[in-house]
Amino acid sequence: RRSIARWALLAVTVCTGCQGPQSALSPAGEGAEQIAALFWAMAIGAGMIWLVVIGLAAYALRIVPQPHDKRSSRRWVIGGGVIVPTLLLSILLMFGLAILPALVRPAPEGSLHVEVVGVRWWWRFIYPSPDGGSFELANEVRLPVGEPVQFDLRSADVIHGFWIPSLGGKVDMIPGRQTRLTLWPTAVGTYRGVCAEYCGASHAKMAFDVVVMPREEFDAWLRQQAQDAIDPSEPDARRGSEVFLKSGCGGCHAVRGTAADGSIGPDLTHFGSRHSLAAGSLENSPDNLRRWITEPQSIKPMAVMPGYHTLSDADLASLIAYLQGLE
Ligand code: CUA
């Protein structure tokens, strides 16, 4: 009975592995739907071929003692070794070629363009602002549902891979070049994007949140994100804004509308509105932010961010209140 329970647990684990915010097998975009279909065609096809091969192996074992027939074995070699594989691979090639145009087609004129820069180990997103300019945010991308979006991909250092498994295929970000990826999200939801190319110590900690929302909500979000930060009214947060500048945070991070205009690290203008911190490594909560500010290396080895463990408890609390209040 224990082994039945074990098998059931395994089956549940395998099935739930196909769900969730980061799965190419629970597609929420047109490209991802095609890729999932190709995966199932290949998995089922390979399973059937496996059964046939095992069946033939069993048959061969049974006929071994019989006298050797040259004509029959030639038929098996030509049939099983040449004709069947050629046919199967041709079918697979046709399938792949048929879905390829949908995966690489450019976005129609007038579509949303988002510029993405891969940096060890986080993501810089540059959006067009409603007034015609552009603005920057980090580690979170939001998209309107049912519309194509074109990502213009670049790298600031080494090769990274831009991949939102639930929405579509992946494309490498290559230093000195611009690559492109068009996605077409079909379902509202929150998904997870990852770096799909090994890029150093914290490659596994280079993720981002993807929020697909109705058009009106997206427009409101875009308008709000394009604005400068609002000066904090709450005394503790106001004190935190002074700690932020005094401690030199503004040398690396920008908070639009303040003296902080660094461009080495992520833009923090609307940091409080983001789902996660440290590029998808931790949920955006006061406790996690405290950990990140005081000991970033323990969360993300070799990150450029230095640990500010010398800040007093009062300064740290004010700084956290300020950053979480940047909504
Ligand atoms: Cu960037 Cu892996």
# chains A, B, ... in the order shown; residues from 1 in each chain; ligands from 1
$ residues_around --residues "Leu38 in chain A" --least-positions-apart "4" --cutoff "9 Å" --atoms "only C-alpha atoms" --output "list in words"
Glu33, Gln34, Met42, Ala43, Leu92, Phe95, Gly96 and Ile99 of chain A
$ residues_near_ligand --ligand "ligand 1" --cutoff "9 Å" --atoms "only C-alpha atoms and all ligand atoms" --output "VMD selection string"
chain A and resid 118 to 123 158 to 162 173 194 to 207
$ write_last_selection --atoms "C-alpha atoms" --output "mmCIF file, in the first residue's frame"
data_model
loop_
_atom_site.group_PDB
_atom_site.id
_atom_site.type_symbol
_atom_site.label_atom_id
_atom_site.label_comp_id
_atom_site.auth_asym_id
_atom_site.auth_seq_id
_atom_site.Cartn_x
_atom_site.Cartn_y
_atom_site.Cartn_z
ATOM 1 C CA GLY A 118 19.979 42.127 -18.969
ATOM 2 C CA VAL A 119 22.449 43.035 -16.221
ATOM 3 C CA ARG A 120 24.226 40.625 -13.870
ATOM 4 C CA TRP A 121 21.817 39.765 -12.093
ATOM 5 C CA TRP A 122 18.704 41.824 -12.672
ATOM 6 C CA TRP A 123 16.551 43.348 -15.432
ATOM 7 C CA VAL A 158 27.483 38.848 -20.724
ATOM 8 C CA ILE A 159 24.965 36.683 -22.597
ATOM 9 C CA HIS A 160 21.619 36.392 -20.808
ATOM 10 C CA GLY A 161 18.452 34.645 -21.974
ATOM 11 C CA PHE A 162 15.037 36.340 -21.812
ATOM 12 C CA MET A 173 20.496 38.814 -25.074
ATOM 13 C CA VAL A 194 13.800 33.937 -15.848
ATOM 14 C CA CYS A 195 17.283 34.210 -17.277
ATOM 15 C CA ALA A 196 17.749 31.172 -19.505
ATOM 16 C CA GLU A 197 21.471 31.433 -20.180
ATOM 17 C CA TYR A 198 24.088 30.743 -17.532
ATOM 18 C CA CYS A 199 25.612 34.112 -16.670
ATOM 19 C CA GLY A 200 27.616 33.646 -13.465
ATOM 20 C CA ALA A 201 27.304 33.070 -9.730
ATOM 21 C CA SER A 202 23.751 34.343 -9.277
ATOM 22 C CA HIS A 203 22.265 33.280 -12.621
ATOM 23 C CA ALA A 204 19.555 31.374 -10.728
ATOM 24 C CA LYS A 205 18.640 34.609 -8.870
ATOM 25 C CA MET A 206 17.920 36.568 -12.051
ATOM 26 C CA ALA A 207 14.140 36.439 -12.380
#
$ closest_residue --among "A:Gly168, A:Gly272, A:Gly146, A:Gly280" --to "Phe218 in chain A" --atoms "only C-alpha atoms"
A:Gly146
$ residues_around --residues "Thr258 in chain A" --least-positions-apart "2" --cutoff "9 Å" --atoms "only C-alpha atoms" --output "list in words"
Asp228, Ala229, Asp231, Ala254, Val255, Arg256, Ala260 and Asp261 of chain A
$ write_last_selection --atoms "N, CA and C atoms" --output "tab-separated table (two decimals), in the first residue's frame"
chain	number	residue	atom	x	y	z
A	228	ASP	N	6.97	60.90	-11.36
A	228	ASP	CA	8.04	60.94	-10.38
A	228	ASP	C	7.53	60.43	-9.03
A	229	ALA	N	8.47	60.11	-8.14
A	229	ALA	CA	8.08	59.67	-6.80
A	229	ALA	C	7.45	60.84	-6.05
A	231	ASP	N	6.89	62.89	-2.66
A	231	ASP	CA	7.63	63.08	-1.42
A	231	ASP	C	6.86	62.45	-0.25
A	254	ALA	N	18.30	55.29	-8.77
A	254	ALA	CA	17.56	56.51	-9.05
A	254	ALA	C	16.18	56.44	-8.40
A	255	VAL	N	15.75	57.58	-7.83
A	255	VAL	CA	14.36	57.75	-7.43
A	255	VAL	C	13.94	59.04	-8.12
A	256	ARG	N	13.20	58.91	-9.22
A	256	ARG	CA	12.87	60.10	-10.03
A	256	ARG	C	12.16	61.16	-9.20
A	260	ALA	N	18.45	61.53	-5.96
A	260	ALA	CA	19.03	60.21	-6.27
A	260	ALA	C	18.89	59.95	-7.76
A	261	ASP	N	20.04	59.89	-8.46
A	261	ASP	CA	19.94	59.68	-9.91
A	261	ASP	C	20.98	58.68	-10.42
$ residues_around --residues "Leu326 in chain A" --least-positions-apart "2" --cutoff "9 Å" --atoms "only C-alpha atoms" --output "MDAnalysis selection string"
chainID A and resid 229:232 255 268:273 321:324
$ select_by_dssp --residues "range 48-258 of chain A" --states "strand (DSSP E)" --output "PyMOL selection string"
chain A and resi 112-119+122-128+134-138+140-144+149-155+160-163+170-173+179-183+189-195+207-213
